[in-house]
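Below: target-v9.json (JSON, C-alpha atoms and all ligand atoms)
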```
[["chain", "number", "residue", "atom", "x", "y", "z"],
["A", 1, "MET", "CA", 112.17, 126.95, 100.35],
["A", 2, "SER", "CA", 110.49, 125.39, 97.33],
["A", 3, "ALA", "CA", 106.71, 125.16, 97.38],
["A", 4, "THR", "CA", 106.72, 121.39, 97.16],
["A", 5, "CYS", "CA", 108.62, 119.45, 99.74],
["A", 6, "SER", "CA", 108.72, 115.84, 100.87],
["A", 7, "ARG", "CA", 110.74, 114.01, 103.50],
["A", 8, "LEU", "CA", 112.29, 110.68, 104.36],
["A", 9, "ALA", "CA", 111.55, 109.90, 108.02],
["A", 10, "PRO", "CA", 113.21, 106.73, 109.28],
["A", 11, "SER", "CA", 112.61, 105.64, 112.87],
["A", 12, "PRO", "CA", 115.83, 104.31, 114.38],
["A", 13, "THR", "CA", 114.09, 101.26, 115.80],
["A", 14, "GLY", "CA", 116.45, 98.82, 114.11],
["A", 15, "ALA", "CA", 118.23, 98.60, 110.82],
["A", 16, "LEU", "CA", 116.41, 99.42, 107.60],
["A", 17, "HIS", "CA", 114.72, 96.51, 105.91],
["A", 18, "LEU", "CA", 113.63, 95.98, 102.32],
["A", 19, "GLY", "CA", 110.10, 97.25, 102.95],
["A", 20, "ASN", "CA", 111.26, 100.64, 104.29],
["A", 21, "ALA", "CA", 113.85, 100.87, 101.54],
["A", 22, "ARG", "CA", 111.27, 100.40, 98.81],
["A", 23, "THR", "CA", 109.13, 103.23, 100.22],
["A", 24, "PHE", "CA", 112.19, 105.48, 100.53],
["A", 25, "LEU", "CA", 113.34, 104.71, 96.98],
["A", 26, "TRP", "CA", 109.91, 105.54, 95.54],
["A", 27, "ASN", "CA", 109.65, 108.69, 97.66],
["A", 28, "TRP", "CA", 113.13, 109.78, 96.57],
["A", 29, "ALA", "CA", 112.45, 109.08, 92.89],
["A", 30, "LEU", "CA", 109.12, 110.93, 92.93],
["A", 31, "ALA", "CA", 110.68, 113.97, 94.61],
["A", 32, "ARG", "CA", 113.80, 114.02, 92.45],
["A", 33, "THR", "CA", 112.01, 113.56, 89.12],
["A", 34, "ARG", "CA", 109.61, 116.37, 89.98],
["A", 35, "GLY", "CA", 112.24, 118.73, 91.31],
["A", 36, "TRP", "CA", 110.77, 118.78, 94.83],
["A", 37, "GLN", "CA", 112.78, 119.49, 97.90],
["A", 38, "LEU", "CA", 113.49, 116.33, 99.90],
["A", 39, "LEU", "CA", 114.35, 116.51, 103.61],
["A", 40, "MET", "CA", 115.67, 113.91, 106.02],
["A", 41, "ARG", "CA", 114.25, 113.51, 109.52],
["A", 42, "ILE", "CA", 115.25, 110.95, 112.11],
["A", 43, "GLU", "CA", 112.15, 110.13, 114.14],
["A", 44, "ASP", "CA", 113.78, 109.10, 117.37],
["A", 45, "PHE", "CA", 110.85, 109.77, 119.70],
["A", 46, "ASP", "CA", 109.74, 106.19, 119.71],
["A", 47, "GLY", "CA", 110.59, 105.31, 123.30],
["A", 48, "PRO", "CA", 111.97, 101.91, 124.20],
["A", 49, "ARG", "CA", 111.95, 100.72, 120.59],
["A", 50, "ILE", "CA", 114.70, 103.17, 119.69],
["A", 51, "GLN", "CA", 118.10, 101.60, 119.25],
["A", 52, "PRO", "CA", 120.84, 104.16, 119.79],
["A", 53, "GLY", "CA", 123.06, 104.69, 116.78],
["A", 54, "THR", "CA", 120.71, 103.16, 114.22],
["A", 55, "GLY", "CA", 119.52, 106.56, 112.95],
["A", 56, "MET", "CA", 122.85, 107.61, 111.52],
["A", 57, "ALA", "CA", 123.49, 104.04, 110.33],
["A", 58, "ALA", "CA", 120.21, 104.16, 108.38],
["A", 59, "LEU", "CA", 121.38, 107.33, 106.64],
["A", 60, "GLU", "CA", 124.64, 105.70, 105.67],
["A", 61, "THR", "CA", 122.76, 102.70, 104.27],
["A", 62, "LEU", "CA", 120.48, 104.93, 102.22],
["A", 63, "GLN", "CA", 123.50, 106.75, 100.84],
["A", 64, "TRP", "CA", 125.07, 103.41, 99.95],
["A", 65, "LEU", "CA", 121.92, 102.66, 97.94],
["A", 66, "GLY", "CA", 122.45, 105.93, 96.08],
["A", 67, "LEU", "CA", 119.77, 108.07, 97.70],
["A", 68, "ASP", "CA", 120.36, 111.65, 98.78],
["A", 69, "TRP", "CA", 118.43, 114.50, 100.37],
["A", 70, "ASP", "CA", 118.64, 118.25, 100.79],
["A", 71, "GLY", "CA", 120.29, 119.91, 103.76],
["A", 72, "GLU", "CA", 121.25, 118.45, 107.10],
["A", 73, "PRO", "CA", 119.14, 115.68, 108.66],
["A", 74, "MET", "CA", 116.83, 116.84, 111.44],
["A", 75, "VAL", "CA", 116.89, 114.76, 114.61],
["A", 76, "GLN", "CA", 113.68, 115.07, 116.60],
["A", 77, "SER", "CA", 115.22, 114.68, 120.04],
["A", 78, "SER", "CA", 117.66, 117.53, 119.45],
["A", 79, "ASP", "CA", 114.99, 120.08, 120.38],
["A", 80, "ARG", "CA", 111.84, 119.40, 122.38],
["A", 81, "GLY", "CA", 110.76, 123.03, 122.19],
["A", 82, "PRO", "CA", 108.43, 122.82, 119.18],
["A", 83, "TYR", "CA", 106.53, 119.83, 120.62],
["A", 84, "LEU", "CA", 106.18, 121.51, 124.00],
["A", 85, "ASP", "CA", 104.88, 124.66, 122.30],
["A", 86, "ALA", "CA", 102.26, 122.63, 120.43],
["A", 87, "MET", "CA", 101.16, 120.86, 123.62],
["A", 88, "GLU", "CA", 100.92, 124.13, 125.52],
["A", 89, "ARG", "CA", 98.70, 125.50, 122.81],
["A", 90, "LEU", "CA", 96.50, 122.40, 122.63],
["A", 91, "ALA", "CA", 96.17, 122.29, 126.43],
["A", 92, "ARG", "CA", 95.29, 125.98, 126.59],
["A", 93, "GLU", "CA", 92.56, 125.36, 124.05],
["A", 94, "GLY", "CA", 91.25, 122.34, 125.96],
["A", 95, "LEU", "CA", 92.12, 119.90, 123.18],
["A", 96, "VAL", "CA", 94.36, 117.61, 125.21],
["A", 97, "TYR", "CA", 94.03, 116.38, 128.78],
["A", 98, "PRO", "CA", 96.13, 114.34, 131.23],
["A", 99, "CYS", "CA", 95.25, 110.70, 131.81],
["A", 100, "SER", "CA", 96.77, 108.08, 134.07],
["A", 101, "LEU", "CA", 94.64, 105.08, 133.12],
["A", 102, "SER", "CA", 96.52, 101.93, 132.32],
["A", 103, "ARG", "CA", 96.21, 99.88, 129.16],
["A", 104, "ARG", "CA", 94.10, 97.39, 131.08],
["A", 105, "ASP", "CA", 91.62, 100.03, 132.32],
["A", 106, "ILE", "CA", 91.21, 101.21, 128.76],
["A", 107, "ALA", "CA", 90.79, 97.72, 127.32],
["A", 108, "SER", "CA", 88.12, 96.76, 129.82],
["A", 109, "ALA", "CA", 86.06, 99.80, 128.84],
["A", 110, "ALA", "CA", 86.41, 99.31, 125.08],
["A", 111, "SER", "CA", 83.07, 98.60, 123.49],
["A", 112, "ALA", "CA", 84.38, 96.22, 120.85],
["A", 113, "PRO", "CA", 87.61, 94.36, 120.37],
["A", 114, "HIS", "CA", 90.05, 96.35, 118.35],
["A", 115, "GLU", "CA", 91.95, 94.58, 115.63],
["A", 116, "ASP", "CA", 95.11, 96.64, 115.96],
["A", 117, "GLU", "CA", 97.32, 94.75, 118.36],
["A", 118, "HIS", "CA", 99.24, 97.81, 119.51],
["A", 119, "GLU", "CA", 96.30, 99.94, 120.42],
["A", 120, "THR", "CA", 93.08, 99.82, 122.35],
["A", 121, "CYS", "CA", 90.20, 102.16, 121.59],
["A", 122, "PHE", "CA", 89.90, 104.79, 124.28],
["A", 123, "SER", "CA", 86.24, 105.10, 125.10],
["A", 124, "ALA", "CA", 84.91, 108.65, 125.59],
["A", 125, "SER", "CA", 83.28, 107.40, 128.82],
["A", 126, "LEU", "CA", 86.76, 107.25, 130.36],
["A", 127, "ARG", "CA", 87.42, 110.95, 129.90],
["A", 128, "PRO", "CA", 87.91, 112.95, 133.08],
["A", 129, "GLN", "CA", 85.08, 115.39, 133.81],
["A", 130, "ASP", "CA", 87.18, 118.43, 133.04],
["A", 131, "ALA", "CA", 88.38, 117.13, 129.65],
["A", 132, "GLY", "CA", 87.84, 119.92, 127.16],
["A", 133, "GLU", "CA", 88.68, 122.69, 129.63],
["A", 134, "SER", "CA", 91.65, 124.93, 129.20],
["A", 135, "GLN", "CA", 94.57, 123.97, 131.44],
["A", 136, "PRO", "CA", 98.34, 124.44, 131.56],
["A", 137, "PHE", "CA", 100.36, 121.64, 130.03],
["A", 138, "GLN", "CA", 102.73, 119.97, 132.42],
["A", 139, "SER", "CA", 104.44, 116.68, 132.20],
["A", 140, "THR", "CA", 103.98, 114.46, 135.27],
["A", 141, "PRO", "CA", 105.57, 111.03, 135.76],
["A", 142, "GLY", "CA", 103.13, 108.19, 135.03],
["A", 143, "VAL", "CA", 100.70, 110.49, 133.25],
["A", 144, "HIS", "CA", 100.17, 110.78, 129.53],
["A", 145, "TRP", "CA", 98.12, 113.35, 127.63],
["A", 146, "ARG", "CA", 95.35, 112.47, 125.23],
["A", 147, "PHE", "CA", 93.99, 114.35, 122.27],
["A", 148, "LEU", "CA", 90.25, 114.88, 122.49],
["A", 149, "VAL", "CA", 88.68, 113.26, 119.42],
["A", 150, "SER", "CA", 85.22, 114.47, 118.43],
["A", 151, "PRO", "CA", 82.77, 112.02, 116.92],
["A", 152, "GLY", "CA", 82.26, 112.05, 113.18],
["A", 153, "PRO", "CA", 83.87, 110.92, 109.97],
["A", 154, "GLU", "CA", 87.24, 112.11, 108.76],
["A", 155, "LEU", "CA", 87.91, 111.93, 105.04],
["A", 156, "VAL", "CA", 91.44, 111.16, 103.92],
["A", 157, "VAL", "CA", 92.17, 111.75, 100.25],
["A", 158, "ASP", "CA", 95.16, 109.76, 99.13],
["A", 159, "GLU", "CA", 96.97, 110.58, 95.89],
["A", 160, "LEU", "CA", 97.44, 106.89, 95.14],
["A", 161, "SER", "CA", 94.35, 105.17, 96.46],
["A", 162, "GLY", "CA", 91.68, 107.88, 96.50],
["A", 163, "LYS", "CA", 89.17, 108.66, 99.25],
["A", 164, "HIS", "CA", 88.94, 106.83, 102.56],
["A", 165, "GLU", "CA", 86.53, 107.60, 105.36],
["A", 166, "PHE", "CA", 87.68, 106.98, 108.92],
["A", 167, "ARG", "CA", 85.94, 107.41, 112.25],
["A", 168, "PRO", "CA", 88.79, 108.02, 114.67],
["A", 169, "SER", "CA", 86.42, 108.39, 117.64],
["A", 170, "GLU", "CA", 85.33, 104.77, 117.10],
["A", 171, "ALA", "CA", 88.59, 103.33, 115.81],
["A", 172, "CYS", "CA", 91.00, 104.69, 118.40],
["A", 173, "GLY", "CA", 89.18, 107.28, 120.51],
["A", 174, "ASP", "CA", 91.25, 109.91, 122.32],
["A", 175, "PHE", "CA", 94.75, 108.98, 121.24],
["A", 176, "VAL", "CA", 97.97, 109.72, 123.10],
["A", 177, "ALA", "CA", 99.70, 112.97, 122.17],
["A", 178, "TRP", "CA", 102.30, 113.03, 124.94],
["A", 179, "THR", "CA", 103.64, 109.82, 126.45],
["A", 180, "VAL", "CA", 104.41, 108.70, 130.00],
["A", 181, "ARG", "CA", 108.06, 108.80, 128.98],
["A", 182, "ASP", "CA", 107.70, 112.58, 128.79],
["A", 183, "GLU", "CA", 108.04, 112.66, 125.02],
["A", 184, "PRO", "CA", 105.75, 113.63, 122.18],
["A", 185, "ALA", "CA", 103.87, 110.64, 120.74],
["A", 186, "TYR", "CA", 104.33, 109.84, 117.06],
["A", 187, "GLN", "CA", 100.98, 111.37, 115.98],
["A", 188, "LEU", "CA", 101.82, 114.74, 117.51],
["A", 189, "ALA", "CA", 105.53, 114.79, 116.64],
["A", 190, "VAL", "CA", 104.96, 114.01, 112.97],
["A", 191, "VAL", "CA", 102.46, 116.85, 112.56],
["A", 192, "VAL", "CA", 104.62, 119.37, 114.40],
["A", 193, "ASP", "CA", 107.61, 118.39, 112.26],
["A", 194, "ASP", "CA", 105.84, 118.28, 108.92],
["A", 195, "LEU", "CA", 104.42, 121.72, 109.68],
["A", 196, "ARG", "CA", 107.67, 123.33, 110.75],
["A", 197, "GLN", "CA", 109.59, 121.74, 107.90],
["A", 198, "GLU", "CA", 106.84, 122.91, 105.50],
["A", 199, "VAL", "CA", 106.36, 119.42, 104.13],
["A", 200, "SER", "CA", 103.68, 119.50, 101.43],
["A", 201, "ASP", "CA", 103.75, 115.80, 100.44],
["A", 202, "VAL", "CA", 103.94, 112.88, 102.86],
["A", 203, "ILE", "CA", 104.92, 109.56, 101.30],
["A", 204, "ARG", "CA", 104.97, 106.43, 103.46],
["A", 205, "GLY", "CA", 103.61, 102.90, 103.84],
["A", 206, "ASN", "CA", 99.85, 102.41, 103.83],
["A", 207, "ASP", "CA", 99.89, 100.97, 107.35],
["A", 208, "LEU", "CA", 99.89, 104.65, 108.34],
["A", 209, "LEU", "CA", 96.81, 105.54, 106.27],
["A", 210, "SER", "CA", 94.49, 105.50, 109.29],
["A", 211, "SER", "CA", 97.00, 107.65, 111.16],
["A", 212, "ALA", "CA", 96.50, 110.31, 108.48],
["A", 213, "ALA", "CA", 92.94, 110.76, 109.81],
["A", 214, "ARG", "CA", 94.25, 111.46, 113.32],
["A", 215, "GLN", "CA", 96.92, 113.73, 111.99],
["A", 216, "GLN", "CA", 94.32, 115.71, 110.06],
["A", 217, "LEU", "CA", 92.49, 116.32, 113.35],
["A", 218, "ILE", "CA", 95.67, 117.80, 114.81],
["A", 219, "TYR", "CA", 96.24, 119.95, 111.71],
["A", 220, "GLN", "CA", 92.69, 121.28, 112.03],
["A", 221, "THR", "CA", 93.13, 122.23, 115.67],
["A", 222, "LEU", "CA", 96.37, 124.00, 114.84],
["A", 223, "GLY", "CA", 94.59, 125.89, 112.07],
["A", 224, "ALA", "CA", 96.86, 124.37, 109.42],
["A", 225, "THR", "CA", 96.32, 122.58, 106.12],
["A", 226, "PRO", "CA", 97.31, 118.90, 106.02],
["A", 227, "PRO", "CA", 99.85, 117.80, 103.42],
["A", 228, "ARG", "CA", 99.02, 115.66, 100.39],
["A", 229, "TRP", "CA", 99.13, 112.00, 101.36],
["A", 230, "TRP", "CA", 100.70, 109.20, 99.33],
["A", 231, "HIS", "CA", 100.40, 105.84, 101.07],
["A", 232, "LEU", "CA", 102.22, 103.04, 99.29],
["A", 233, "PRO", "CA", 101.18, 99.40, 99.33],
["A", 234, "LEU", "CA", 103.36, 97.41, 101.72],
["A", 235, "VAL", "CA", 105.87, 94.65, 101.26],
["A", 236, "ARG", "CA", 104.65, 91.45, 102.92],
["A", 237, "GLY", "CA", 106.03, 88.01, 103.66],
["A", 238, "THR", "CA", 104.63, 84.90, 101.96],
["A", 239, "ASP", "CA", 102.31, 84.51, 104.98],
["A", 240, "GLY", "CA", 100.65, 87.82, 104.07],
["A", 241, "ARG", "CA", 101.97, 89.64, 107.13],
["A", 242, "ARG", "CA", 103.89, 92.88, 106.98],
["A", 243, "LEU", "CA", 107.57, 92.26, 106.32],
["A", 244, "ALA", "CA", 109.30, 91.97, 109.69],
["A", 245, "LYS", "CA", 111.85, 89.98, 111.62],
["A", 246, "ARG", "CA", 109.64, 86.89, 111.55],
["A", 247, "HIS", "CA", 110.34, 86.63, 107.81],
["A", 248, "GLY", "CA", 114.06, 86.26, 108.34],
["A", 249, "ASP", "CA", 116.72, 88.85, 108.14],
["A", 250, "THR", "CA", 115.69, 91.29, 105.41],
["A", 251, "ARG", "CA", 117.83, 94.13, 106.69],
["A", 252, "LEU", "CA", 119.77, 95.93, 104.03],
["A", 253, "ASP", "CA", 122.89, 95.83, 106.16],
["A", 254, "SER", "CA", 122.73, 92.06, 106.42],
["A", 255, "TYR", "CA", 122.65, 91.68, 102.63],
["A", 256, "ARG", "CA", 125.41, 94.23, 102.40],
["A", 257, "LYS", "CA", 127.54, 92.17, 104.79],
["A", 258, "LEU", "CA", 126.87, 89.10, 102.67],
["A", 259, "GLY", "CA", 128.36, 91.02, 99.75],
["A", 260, "THR", "CA", 125.15, 91.90, 97.90],
["A", 261, "PRO", "CA", 125.89, 94.91, 95.68],
["A", 262, "SER", "CA", 123.59, 97.90, 96.18],
["A", 263, "ASP", "CA", 122.56, 97.68, 92.50],
["A", 264, "ARG", "CA", 120.90, 94.34, 93.10],
["A", 265, "ILE", "CA", 118.88, 95.74, 95.98],
["A", 266, "VAL", "CA", 117.91, 98.84, 94.01],
["A", 267, "GLY", "CA", 116.95, 96.59, 91.07],
["A", 268, "LEU", "CA", 114.68, 94.47, 93.27],
["A", 269, "LEU", "CA", 113.07, 97.56, 94.80],
["A", 270, "ALA", "CA", 112.56, 99.06, 91.32],
["A", 271, "TYR", "CA", 110.97, 95.79, 90.17],
["A", 272, "TRP", "CA", 108.66, 95.99, 93.20],
["A", 273, "CYS", "CA", 107.75, 99.54, 92.12],
["A", 274, "GLY", "CA", 106.74, 98.20, 88.70],
["A", 275, "LEU", "CA", 109.64, 99.97, 86.99],
["A", 276, "LEU", "CA", 111.31, 96.80, 85.68],
["A", 277, "PRO", "CA", 109.67, 93.74, 84.09],
["A", 278, "GLU", "CA", 112.04, 91.46, 85.99],
["A", 279, "ARG", "CA", 114.77, 91.64, 88.64],
["A", 280, "GLN", "CA", 117.94, 93.19, 87.32],
["A", 281, "SER", "CA", 120.79, 95.27, 88.70],
["A", 282, "LEU", "CA", 120.12, 98.96, 88.57],
["A", 283, "GLN", "CA", 121.76, 102.12, 89.87],
["A", 284, "ALA", "CA", 119.62, 104.55, 91.83],
["A", 285, "GLN", "CA", 120.26, 107.24, 89.20],
["A", 286, "ASP", "CA", 118.77, 104.94, 86.54],
["A", 287, "VAL", "CA", 115.61, 104.66, 88.62],
["A", 288, "LEU", "CA", 115.10, 108.35, 87.91],
["A", 289, "THR", "CA", 115.17, 107.72, 84.17],
["A", 290, "LEU", "CA", 112.69, 104.85, 84.45],
["A", 291, "PHE", "CA", 110.45, 106.42, 87.08],
["A", 292, "ASP", "CA", 106.76, 106.43, 86.27],
["A", 293, "MET", "CA", 104.35, 106.69, 89.17],
["A", 294, "SER", "CA", 101.59, 104.95, 87.21],
["A", 295, "THR", "CA", 103.51, 101.64, 87.28],
["A", 296, "LEU", "CA", 103.36, 101.33, 91.06],
["A", 297, "PRO", "CA", 101.40, 98.13, 91.83],
["A", 298, "LYS", "CA", 98.08, 98.82, 93.56],
["A", 299, "ASP", "CA", 98.36, 95.75, 95.74],
["A", 300, "ASP", "CA", 100.86, 94.78, 98.38],
["A", 301, "ILE", "CA", 104.05, 93.09, 97.21],
["A", 302, "VAL", "CA", 105.16, 89.70, 98.48],
["A", 303, "PHE", "CA", 108.80, 89.13, 99.31],
["A", 304, "THR", "CA", 109.46, 85.66, 97.90],
["A", 305, "PRO", "CA", 112.26, 83.11, 98.35],
["A", 306, "GLU", "CA", 113.23, 83.98, 94.74],
["A", 307, "ASP", "CA", 113.74, 87.61, 95.78],
["A", 308, "ASP", "CA", 115.97, 86.46, 98.61],
["A", 309, "SER", "CA", 117.97, 84.19, 96.26],
["A", 310, "TRP", "CA", 118.37, 87.07, 93.81],
["A", 311, "LEU", "CA", 119.86, 89.22, 96.56],
["A", 312, "ARG", "CA", 122.17, 86.46, 97.72],
["A", 313, "GLY", "CA", 123.45, 86.19, 94.15],
["B", 1, "LIG", "N1", 109.04, 107.16, 111.18],
["B", 1, "LIG", "C1", 107.95, 106.43, 110.62],
["B", 1, "LIG", "C2", 108.40, 105.06, 110.20],
["B", 1, "LIG", "O1", 109.58, 104.82, 110.02],
["B", 1, "LIG", "C3", 107.36, 107.13, 109.42],
["B", 1, "LIG", "C4", 106.35, 108.09, 109.84],
["B", 1, "LIG", "C5", 105.77, 108.93, 108.73],
["B", 1, "LIG", "O2", 106.28, 108.91, 107.60],
["B", 1, "LIG", "O3", 104.81, 109.63, 109.02],
["B", 1, "LIG", "O4", 107.57, 104.19, 110.09]]
```
Kindly return the structure encoded in the file as structure tokens.
Amino acid sequence: MSATCSRLAPSPTGALHLGNARTFLWNWALARTRGWQLLMRIEDFDGPRIQPGTGMAALETLQWLGLDWDGEPMVQSSDRGPYLDAMERLAREGLVYPCSLSRRDIASAASAPHEDEHETCFSASLRPQDAGESQPFQSTPGVHWRFLVSPGPELVVDELSGKHEFRPSEACGDFVAWTVRDEPAYQLAVVVDDLRQEVSDVIRGNDLLSSAARQQLIYQTLGATPPRWWHLPLVRGTDGRRLAKRHGDTRLDSYRKLGTPSDRIVGLLAYWCGLLPERQSLQAQDVLTLFDMSTLPKDDIVFTPEDDSWLRG
């Protein structure tokens, strides 16, 4: 295995949209121009949001764009063993504990409203008395397991945007490591996978920057070194919100069905990466010739009606 390794990690929660594709294209181009290894991982531990079949479809769409990767894709759900091993170790060391409190219980104990709509800060006052004690890990219906977050700052150094200080104990508190669905939660699964796949460089959207702080806590407890982080600015709609369904159908497959050639999509994504002065058709291989990480815009990109018209031809 080469010393430097990155990965593409789509979640099969729906078809790939332009925002994901731009991150994947940049990740691919960085890895390929530097001769890094590039792995593919389907992150299908995302509970009810998973749509069966969309993982393999995402791979086919990425291939259509002209992207490739090394070796066979890894599918998380194909083997729960590594996640169970990590939980057993964390439980033995008293770093995770079972919790059956509902979202509402947690919200009513939160000291301040939390801006993240998907998450409520878990106050340390809600911890069971024996949190922190060694115990065997066992999955029980209706119970999830939380990672015990110590107070204090956590410094994340990002290759693109520099240093960021987070306080996970105040921002999210003890976060979920194992879900009520009897599956590893994203924060745990991603660390276990990046460690076992020996990923040295994680490249993804900057909405996951604060997650890097939590992931570093898990790395520390496992006695491992975190990867280098590269969090890319996001693609947003004209309303400033993260590109999503509300901005219309920006799925690659939908443009493909309309007859948009892959070169047009790649050209738009390359333009969004600062590699082209204007939209033009481009093959993925030509992105490698043009690639220059210093041209990546520092701010988020806005998907405009002109972009949509360009793709519709
Ligand atoms: N599977 C995640 C996503 O599609 C990416 C997670 C990661 O790169 O750490 O958003």
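Separating CA of Ala224 in chain A from CA of Glu88 in chain A is a distance of 16.6 Å.
With only C-alpha atoms and all ligand atoms as the atoms that count, the minimum distance from ligand LIG 1 (chain B) to the choices A:Asn20, A:Thr238, A:Ser200, A:Gln220 is reached by A:Asn20.
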Enumerate, in order of chain and increasing residue number, the residues of chain A with an atom no farther than 6 Å from ligand LIG 1 (chain B), each with its shortest atom pair and distance in Å to one decimal, counting all atoms listed in the file, as JSON lines.
```
{"residue": "A:Ala9", "atom": "CA", "partner": "B:LIG1", "partner_atom": "N1", "distance": 4.9}
{"residue": "A:Pro10", "atom": "CA", "partner": "B:LIG1", "partner_atom": "O1", "distance": 4.2}
{"residue": "A:Ser11", "atom": "CA", "partner": "B:LIG1", "partner_atom": "N1", "distance": 4.2}
{"residue": "A:Glu43", "atom": "CA", "partner": "B:LIG1", "partner_atom": "N1", "distance": 5.2}
{"residue": "A:Val190", "atom": "CA", "partner": "B:LIG1", "partner_atom": "O3", "distance": 5.9}
{"residue": "A:Arg204", "atom": "CA", "partner": "B:LIG1", "partner_atom": "O2", "distance": 5.0}
```
#### Entry: Atomic separation - CA of Gln138 in chain A relative to CA of Cys121 in chain A, Å
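Between these atoms lies a distance of 24.3 Å.
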- Using all atoms listed in the file, which residue out of A:Pro261, A:Gly205, A:Gly267, A:Pro98 lies closest to Trp178 in chain A?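 Closest candidate: A:Pro98.
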One decimal place gives the CA of Ala31 in chain A-CA of Leu8 in chain A separation as 10.4 Å
Would you kindly return, as a PyMOL selection string, each protein, DNA or RNA residue with an atom no farther than 8 Å from any atom of Ala124 in chain A, considering only C-alpha atoms and excluding same-chain residues fewer than 3 positions away?
-> chain A and resi 127+173-174
* Tell me which protein, DNA and RNA residues are within 9 Å of Val266 in chain A, counting all atoms listed in the file, leaving out same-chain ones fewer than 6 positions away, and put them as a ChimeraX atom specification. => /A:21-22,25,65-66,280-284,287
Restricting the calculation to only C-alpha atoms: of A:Arg264, A:Tyr219, A:Met293, A:Asp105, which residue gets closest to Ser125 in chain A?
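Selected residue with least distance to Ser125 in chain A: A:Asp105.
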With distances taken over only C-alpha atoms, which of A:Cys5, A:Leu67, A:Val156, A:Val149 is nearest to Glu170 in chain A?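 Closest to Glu170 in chain A of all the choices is A:Val149.
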Closest of A:Asp292, A:Asp307, A:Asp79, A:Asp253 to Asp193 in chain A, counting all atoms listed in the file, is A:Asp79
Closest of A:Pro153, A:Cys99, A:Asp300, A:Arg104 to Ala131 in chain A - atom-to-atom distances counting all atoms listed in the file:
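Closest to Ala131 in chain A of all the choices is A:Cys99.
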Just give me the residues with any atom within 12 Å of (125.5, 87.3, 102.7), file coordinates, counting all atoms listed in the file, written as a list in words.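 Protein and nucleic acid residues near the point are Asp249, Thr250, Arg251, Leu252, Asp253, Ser254, Tyr255, Arg256, Lys257, Leu258, Gly259, Thr260, Pro261, Asp308, Ser309, Trp310, Leu311, Arg312 and Gly313 of chain A.
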Export C-alpha atoms of the chosen residues as an mmCIF file, in the coordinates of the input?
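Saved the output as out32.cif:
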```
data_model
loop_
_atom_site.group_PDB
_atom_site.id
_atom_site.type_symbol
_atom_site.label_atom_id
_atom_site.label_comp_id
_atom_site.auth_asym_id
_atom_site.auth_seq_id
_atom_site.Cartn_x
_atom_site.Cartn_y
_atom_site.Cartn_z
ATOM 1 C CA ASP A 249 116.720 88.850 108.140
ATOM 2 C CA THR A 250 115.690 91.290 105.410
ATOM 3 C CA ARG A 251 117.830 94.130 106.690
ATOM 4 C CA LEU A 252 119.770 95.930 104.030
ATOM 5 C CA ASP A 253 122.890 95.830 106.160
ATOM 6 C CA SER A 254 122.730 92.060 106.420
ATOM 7 C CA TYR A 255 122.650 91.680 102.630
ATOM 8 C CA ARG A 256 125.410 94.230 102.400
ATOM 9 C CA LYS A 257 127.540 92.170 104.790
ATOM 10 C CA LEU A 258 126.870 89.100 102.670
ATOM 11 C CA GLY A 259 128.360 91.020 99.750
ATOM 12 C CA THR A 260 125.150 91.900 97.900
ATOM 13 C CA PRO A 261 125.890 94.910 95.680
ATOM 14 C CA ASP A 308 115.970 86.460 98.610
ATOM 15 C CA SER A 309 117.970 84.190 96.260
ATOM 16 C CA TRP A 310 118.370 87.070 93.810
ATOM 17 C CA LEU A 311 119.860 89.220 96.560
ATOM 18 C CA ARG A 312 122.170 86.460 97.720
ATOM 19 C CA GLY A 313 123.450 86.190 94.150
#
```
Please provide the set of residues having any atom within 9 Å of Gly14 in chain A, restricted to only C-alpha atoms, with same-chain residues fewer than 4 positions apart removed, written as a PDB file with C-alpha atoms, in the frame of the given file.
```pdb
ATOM      1  CA  ARG A  49     111.950 100.720 120.590  1.00  0.00           C
ATOM      2  CA  ILE A  50     114.700 103.170 119.690  1.00  0.00           C
ATOM      3  CA  GLN A  51     118.100 101.600 119.250  1.00  0.00           C
ATOM      4  CA  PRO A  52     120.840 104.160 119.790  1.00  0.00           C
ATOM      5  CA  THR A  54     120.710 103.160 114.220  1.00  0.00           C
ATOM      6  CA  GLY A  55     119.520 106.560 112.950  1.00  0.00           C
ATOM      7  CA  ALA A  58     120.210 104.160 108.380  1.00  0.00           C
ATOM      8  CA  ARG A 251     117.830  94.130 106.690  1.00  0.00           C
TER       9      ARG A 251
END
```
Compile the contact shell of Pro277 in chain A as an NGL selection string: residues with an atom at most 12 Å away, counting all atoms listed in the file, same-chain residues fewer than 5 positions apart removed. :A and (267-272 or 290 or 295)
_Show me, as a VMD selection string, the residues that have an atom within 9 Å of Leu39 in chain A when counting only C-alpha atoms, minus same-chain residues fewer than 5 positions from it._
chain A and resid 5 to 9 69 to 74 197 199
Centre and edge lengths, as JSON, for the axis-aligned box enclosing every listed atom of range 69-87 of chain A with 6 Å of padding on each of the six sides, in Å to one decimal?
```
{"center_x": 111.2, "center_y": 119.6, "center_z": 112.2, "size_x": 32.1, "size_y": 22.2, "size_z": 35.6}
```
